[in-house]
Amino acid sequence: MGDGKGKSRTKEGDQPSNRRSGGARSRKGSSTPLRLDLHVHSSFSDGRDGVEEILKAALEGGLDGIAITDHDTLEGYFEAERIVREEGLDLLVIPGVEVSTSEGHLLALGVRKLPPSGRSADETIEFIRVRGGIAIVSHPYHLFRHSMYRIPDCDAVEVYNSKYVFGIANFWAKRMAERRGLPMVAGSDAHMARTVGLGVTVVDVEEGSDLGDVLESIRGGRVKIDSKRMSPSVFVSQMVRWTKKRLRRRLKR
Ligand SMILES: [Zn+2]
Ligand SMILES: [Zn+2]
């Protein structure tokens, strides 16, 4: 990693950076699996923990890379990139944001310009692709989660969201992605550092690849999913947090 090989399809200064040094693994040619969490929230949106804590959790959990995908802001990504650069961490930071389209949530990876919220899914996907990024529909069939309830013409589908392992949302997303022949990825959708890595996408890339190659591998379906079950204590604390949030929302009305 880290040889800075550029991709001509990126435009408008959106050239993805690659902060993963790779060390002994930078030999070009042979294939290597990268373990990535593509869906994480920090305190820049509704996550509990700060970016620094999240990065630490990612490294401790043996991840090779992470996308901080806060709601409608790239600030989490910029902060992560700064920390990784300044501290020389061996972690690939993928530019990411979870965009609130008019139809539901959509993950944008590989863009350094914020896609506007409130546009249609198709318009948002076009915005992302023009800038060299990829569009992944997140938790497409989960009830109450700003889901699209359809699979637009996107680059990949989140078929494993670690927050929604109960119910049929993940099952249905997988089924529809298979039917459409779209690449299938996982994400933890972590809202706290300790749940980072509960939904891992293993991406097959060549040694010495850069961020553009990683995105291309996802788009090309050279991915598999590694899902870890949430421990009961973490599940209970997530539920308590969710219930409190609902209660606060109700009290505000
Ligand atoms: Zn979402
Ligand atoms: Zn999310």
# chains A, B, ... in the order shown; residues from 1 in each chain; ligands from 1

call {"tool": "residues_near_ligand", "arguments": {"ligand": "ligand 1", "cutoff": "12 Å", "atoms": "only C-alpha atoms and all ligand atoms", "output": "ChimeraX atom specification"}}
result
/A:39-41,45-47,69-72,97-101,103-108,136-148,158,161-164,187-191

call {"tool": "residues_around", "arguments": {"residues": "Ala193 in chain A", "least_positions_apart": "2", "cutoff": "7 Å", "atoms": "only C-alpha atoms", "output": "PyMOL selection string"}}
result
chain A and resi 49+53-54+57+190-191+195-196

call {"tool": "atom_distance", "arguments": {"atom1": "CA of Ala58 in chain A", "atom2": "CA of Cys154 in chain A"}}
result
26.8 Å

call {"tool": "residues_around", "arguments": {"residues": "Tyr160 in chain A", "least_positions_apart": "4", "cutoff": "10 Å", "atoms": "only C-alpha atoms", "output": "JSON, numbers by chain"}}
result
{"A": [138, 139, 164, 165, 169, 170, 171, 173, 174, 184, 185, 186, 187, 188, 189, 198, 199, 200, 201, 225, 226, 227]}

call {"tool": "closest_residue", "arguments": {"among": "A:Gly96, A:Arg194, A:Tyr77, A:Pro33", "to": "ligand 2", "atoms": "only C-alpha atoms and all ligand atoms"}}
result
A:Gly96

call {"tool": "select_by_dssp", "arguments": {"residues": "range 100-241 of chain A", "states": "alpha helix (DSSP H)", "output": "number ranges by chain"}}
result
A: 121-130, 169-180, 211-219, 232-241

call {"tool": "write_last_selection", "arguments": {"atoms": "N, CA and C atoms", "output": "compact mmCIF listing (two decimals), in the first residue's frame"}}
result
# COMPACT_ATOMS: atom_id res chain seq x y z
N ALA A 121 -32.30 9.32 -4.99
CA ALA A 121 -31.22 8.33 -4.94
C ALA A 121 -30.41 8.38 -6.24
N ASP A 122 -31.08 8.41 -7.36
CA ASP A 122 -30.39 8.39 -8.66
C ASP A 122 -29.49 9.61 -8.82
N GLU A 123 -30.00 10.77 -8.43
CA GLU A 123 -29.22 12.01 -8.54
C GLU A 123 -27.98 11.95 -7.65
N THR A 124 -28.17 11.43 -6.45
CA THR A 124 -27.06 11.34 -5.49
C THR A 124 -26.00 10.36 -5.99
N ILE A 125 -26.45 9.24 -6.52
CA ILE A 125 -25.52 8.22 -7.04
C ILE A 125 -24.70 8.81 -8.19
N GLU A 126 -25.36 9.58 -9.03
CA GLU A 126 -24.66 10.24 -10.15
C GLU A 126 -23.57 11.19 -9.62
N PHE A 127 -23.94 11.96 -8.61
CA PHE A 127 -23.00 12.90 -7.98
C PHE A 127 -21.76 12.16 -7.47
N ILE A 128 -22.00 11.02 -6.84
CA ILE A 128 -20.91 10.23 -6.25
C ILE A 128 -20.02 9.64 -7.35
N ARG A 129 -20.64 9.08 -8.37
CA ARG A 129 -19.87 8.41 -9.42
C ARG A 129 -19.03 9.40 -10.23
N VAL A 130 -19.58 10.56 -10.51
CA VAL A 130 -18.85 11.57 -11.27
C VAL A 130 -17.57 11.95 -10.55
N ALA A 169 -34.55 -7.92 7.59
CA ALA A 169 -34.01 -6.84 6.76
C ALA A 169 -32.73 -7.25 6.02
N ASN A 170 -31.79 -7.86 6.74
CA ASN A 170 -30.54 -8.27 6.10
C ASN A 170 -30.78 -9.39 5.08
N PHE A 171 -31.62 -10.32 5.47
CA PHE A 171 -31.94 -11.45 4.59
C PHE A 171 -32.53 -10.95 3.27
N TRP A 172 -33.45 -10.01 3.41
CA TRP A 172 -34.15 -9.51 2.22
C TRP A 172 -33.20 -8.70 1.33
N ALA A 173 -32.31 -7.91 1.98
CA ALA A 173 -31.34 -7.12 1.21
C ALA A 173 -30.44 -8.06 0.39
N LYS A 174 -30.03 -9.16 1.03
CA LYS A 174 -29.15 -10.12 0.35
C LYS A 174 -29.86 -10.76 -0.85
N ARG A 175 -31.09 -11.12 -0.58
CA ARG A 175 -31.87 -11.77 -1.63
C ARG A 175 -32.04 -10.85 -2.85
N MET A 176 -32.36 -9.57 -2.59
CA MET A 176 -32.58 -8.64 -3.69
C MET A 176 -31.26 -8.30 -4.41
N ALA A 177 -30.16 -8.22 -3.63
CA ALA A 177 -28.85 -7.93 -4.24
C ALA A 177 -28.44 -9.09 -5.15
N GLU A 178 -28.71 -10.31 -4.69
CA GLU A 178 -28.38 -11.49 -5.50
C GLU A 178 -29.19 -11.47 -6.80
N ARG A 179 -30.45 -11.14 -6.65
CA ARG A 179 -31.33 -11.10 -7.82
C ARG A 179 -30.83 -10.08 -8.84
N ARG A 180 -30.31 -8.97 -8.33
CA ARG A 180 -29.83 -7.92 -9.23
C ARG A 180 -28.37 -8.11 -9.64
N LEU A 211 -6.29 3.36 -2.75
CA LEU A 211 -7.72 3.47 -2.43
C LEU A 211 -8.61 3.27 -3.66
N GLY A 212 -8.18 3.83 -4.78
CA GLY A 212 -8.95 3.66 -6.02
C GLY A 212 -9.12 2.19 -6.37
N ASP A 213 -8.08 1.40 -6.16
CA ASP A 213 -8.16 -0.04 -6.45
C ASP A 213 -9.11 -0.75 -5.48
N VAL A 214 -9.10 -0.29 -4.22
CA VAL A 214 -10.00 -0.89 -3.23
C VAL A 214 -11.46 -0.65 -3.64
N LEU A 215 -11.75 0.59 -4.02
CA LEU A 215 -13.13 0.91 -4.44
C LEU A 215 -13.50 0.11 -5.69
N GLU A 216 -12.55 -0.04 -6.58
CA GLU A 216 -12.79 -0.79 -7.82
C GLU A 216 -13.07 -2.27 -7.50
N SER A 217 -12.37 -2.81 -6.51
CA SER A 217 -12.60 -4.20 -6.12
C SER A 217 -14.00 -4.38 -5.54
N ILE A 218 -14.45 -3.40 -4.76
CA ILE A 218 -15.81 -3.48 -4.21
C ILE A 218 -16.81 -3.44 -5.36
N ARG A 219 -16.61 -2.47 -6.25
CA ARG A 219 -17.51 -2.32 -7.40
C ARG A 219 -17.52 -3.59 -8.25
N PRO A 232 -23.99 -10.15 24.05
CA PRO A 232 -25.26 -9.76 24.68
C PRO A 232 -25.16 -8.45 25.46
N SER A 233 -24.01 -8.20 26.13
CA SER A 233 -23.90 -6.97 26.94
C SER A 233 -23.90 -5.73 26.05
N VAL A 234 -23.24 -5.83 24.91
CA VAL A 234 -23.22 -4.69 23.98
C VAL A 234 -24.63 -4.48 23.41
N PHE A 235 -25.31 -5.60 23.10
CA PHE A 235 -26.65 -5.51 22.56
C PHE A 235 -27.58 -4.80 23.54
N VAL A 236 -27.51 -5.18 24.81
CA VAL A 236 -28.36 -4.57 25.84
C VAL A 236 -28.04 -3.07 25.96
N SER A 237 -26.76 -2.71 25.96
CA SER A 237 -26.43 -1.29 26.12
C SER A 237 -26.87 -0.49 24.90
N GLN A 238 -26.84 -1.11 23.70
CA GLN A 238 -27.36 -0.42 22.50
C GLN A 238 -28.86 -0.19 22.63
N MET A 239 -29.56 -1.21 23.15
CA MET A 239 -31.02 -1.12 23.29
C MET A 239 -31.40 -0.02 24.29
N VAL A 240 -30.64 0.03 25.39
CA VAL A 240 -30.91 1.04 26.42
C VAL A 240 -30.73 2.43 25.82
N ARG A 241 -29.64 2.59 25.05
CA ARG A 241 -29.34 3.88 24.44
C ARG A 241 -30.46 4.28 23.47

call {"tool": "decode", "arguments": {"residues": "range 73-142 of chain A", "atoms": "C-alpha atoms", "output": "PDB file, in the first residue's frame"}}
result
ATOM      1  CA  THR A  73     -20.967  15.334   6.934  1.00  0.00           C
ATOM      2  CA  LEU A  74     -17.433  14.426   5.902  1.00  0.00           C
ATOM      3  CA  GLU A  75     -15.921  15.932   9.056  1.00  0.00           C
ATOM      4  CA  GLY A  76     -15.401  12.518  10.651  1.00  0.00           C
ATOM      5  CA  TYR A  77     -13.424  11.402   7.632  1.00  0.00           C
ATOM      6  CA  PHE A  78     -11.255  14.534   7.572  1.00  0.00           C
ATOM      7  CA  GLU A  79     -10.534  14.134  11.277  1.00  0.00           C
ATOM      8  CA  ALA A  80      -9.676  10.437  10.805  1.00  0.00           C
ATOM      9  CA  GLU A  81      -7.372  11.217   7.924  1.00  0.00           C
ATOM     10  CA  ARG A  82      -5.589  13.864   9.988  1.00  0.00           C
ATOM     11  CA  ILE A  83      -5.093  11.542  12.968  1.00  0.00           C
ATOM     12  CA  VAL A  84      -3.848   8.644  10.843  1.00  0.00           C
ATOM     13  CA  ARG A  85      -1.405  10.939   9.052  1.00  0.00           C
ATOM     14  CA  GLU A  86      -0.102  12.672  12.161  1.00  0.00           C
ATOM     15  CA  GLU A  87       0.231   9.516  14.217  1.00  0.00           C
ATOM     16  CA  GLY A  88       1.432   7.331  11.341  1.00  0.00           C
ATOM     17  CA  LEU A  89      -1.242   4.689  11.970  1.00  0.00           C
ATOM     18  CA  ASP A  90      -1.324   1.675   9.678  1.00  0.00           C
ATOM     19  CA  LEU A  91      -4.955   2.050   8.736  1.00  0.00           C
ATOM     20  CA  LEU A  92      -6.614   2.843   5.430  1.00  0.00           C
ATOM     21  CA  VAL A  93      -9.146   5.638   5.857  1.00  0.00           C
ATOM     22  CA  ILE A  94     -11.788   5.601   3.155  1.00  0.00           C
ATOM     23  CA  PRO A  95     -13.587   8.917   2.594  1.00  0.00           C
ATOM     24  CA  GLY A  96     -17.184   8.262   3.594  1.00  0.00           C
ATOM     25  CA  VAL A  97     -20.545   9.780   4.416  1.00  0.00           C
ATOM     26  CA  GLU A  98     -24.069   8.415   4.874  1.00  0.00           C
ATOM     27  CA  VAL A  99     -26.210  10.667   2.727  1.00  0.00           C
ATOM     28  CA  SER A 100     -29.860  11.341   3.571  1.00  0.00           C
ATOM     29  CA  THR A 101     -31.407  11.182   0.130  1.00  0.00           C
ATOM     30  CA  SER A 102     -35.091  11.986  -0.345  1.00  0.00           C
ATOM     31  CA  GLU A 103     -35.673   8.210  -0.513  1.00  0.00           C
ATOM     32  CA  GLY A 104     -33.481   6.988   2.341  1.00  0.00           C
ATOM     33  CA  HIS A 105     -29.903   6.427   3.418  1.00  0.00           C
ATOM     34  CA  LEU A 106     -27.062   5.873   0.976  1.00  0.00           C
ATOM     35  CA  LEU A 107     -23.356   5.402   1.720  1.00  0.00           C
ATOM     36  CA  ALA A 108     -20.959   7.394  -0.421  1.00  0.00           C
ATOM     37  CA  LEU A 109     -17.390   6.099  -0.359  1.00  0.00           C
ATOM     38  CA  GLY A 110     -14.378   7.682  -2.023  1.00  0.00           C
ATOM     39  CA  VAL A 111     -15.707  11.228  -2.351  1.00  0.00           C
ATOM     40  CA  ARG A 112     -14.143  14.249  -0.667  1.00  0.00           C
ATOM     41  CA  LYS A 113     -16.934  16.582  -1.695  1.00  0.00           C
ATOM     42  CA  LEU A 114     -20.132  16.268   0.305  1.00  0.00           C
ATOM     43  CA  PRO A 115     -23.099  15.002  -1.713  1.00  0.00           C
ATOM     44  CA  PRO A 116     -26.082  17.297  -1.028  1.00  0.00           C
ATOM     45  CA  SER A 117     -28.821  15.729   1.068  1.00  0.00           C
ATOM     46  CA  GLY A 118     -32.482  15.614   0.065  1.00  0.00           C
ATOM     47  CA  ARG A 119     -31.904  14.693  -3.580  1.00  0.00           C
ATOM     48  CA  SER A 120     -33.231  11.542  -5.195  1.00  0.00           C
ATOM     49  CA  ALA A 121     -31.217   8.328  -4.941  1.00  0.00           C
ATOM     50  CA  ASP A 122     -30.388   8.394  -8.656  1.00  0.00           C
ATOM     51  CA  GLU A 123     -29.219  12.008  -8.545  1.00  0.00           C
ATOM     52  CA  THR A 124     -27.060  11.342  -5.495  1.00  0.00           C
ATOM     53  CA  ILE A 125     -25.523   8.223  -7.041  1.00  0.00           C
ATOM     54  CA  GLU A 126     -24.656  10.235 -10.153  1.00  0.00           C
ATOM     55  CA  PHE A 127     -23.003  12.901  -7.979  1.00  0.00           C
ATOM     56  CA  ILE A 128     -20.910  10.226  -6.245  1.00  0.00           C
ATOM     57  CA  ARG A 129     -19.865   8.411  -9.423  1.00  0.00           C
ATOM     58  CA  VAL A 130     -18.851  11.568 -11.273  1.00  0.00           C
ATOM     59  CA  ARG A 131     -16.412  12.221  -8.435  1.00  0.00           C
ATOM     60  CA  GLY A 132     -14.882   8.751  -8.601  1.00  0.00           C
ATOM     61  CA  GLY A 133     -16.753   7.344  -5.615  1.00  0.00           C
ATOM     62  CA  ILE A 134     -19.014   4.372  -5.151  1.00  0.00           C
ATOM     63  CA  ALA A 135     -22.589   4.344  -3.871  1.00  0.00           C
ATOM     64  CA  ILE A 136     -23.779   1.644  -1.491  1.00  0.00           C
ATOM     65  CA  VAL A 137     -27.384   1.445  -0.364  1.00  0.00           C
ATOM     66  CA  SER A 138     -27.358   0.962   3.406  1.00  0.00           C
ATOM     67  CA  HIS A 139     -29.871  -1.217   5.319  1.00  0.00           C
ATOM     68  CA  PRO A 140     -32.281  -0.988   2.350  1.00  0.00           C
ATOM     69  CA  TYR A 141     -35.137  -2.943   3.924  1.00  0.00           C
ATOM     70  CA  HIS A 142     -34.948  -2.081   7.571  1.00  0.00           C
TER      71      HIS A 142
END
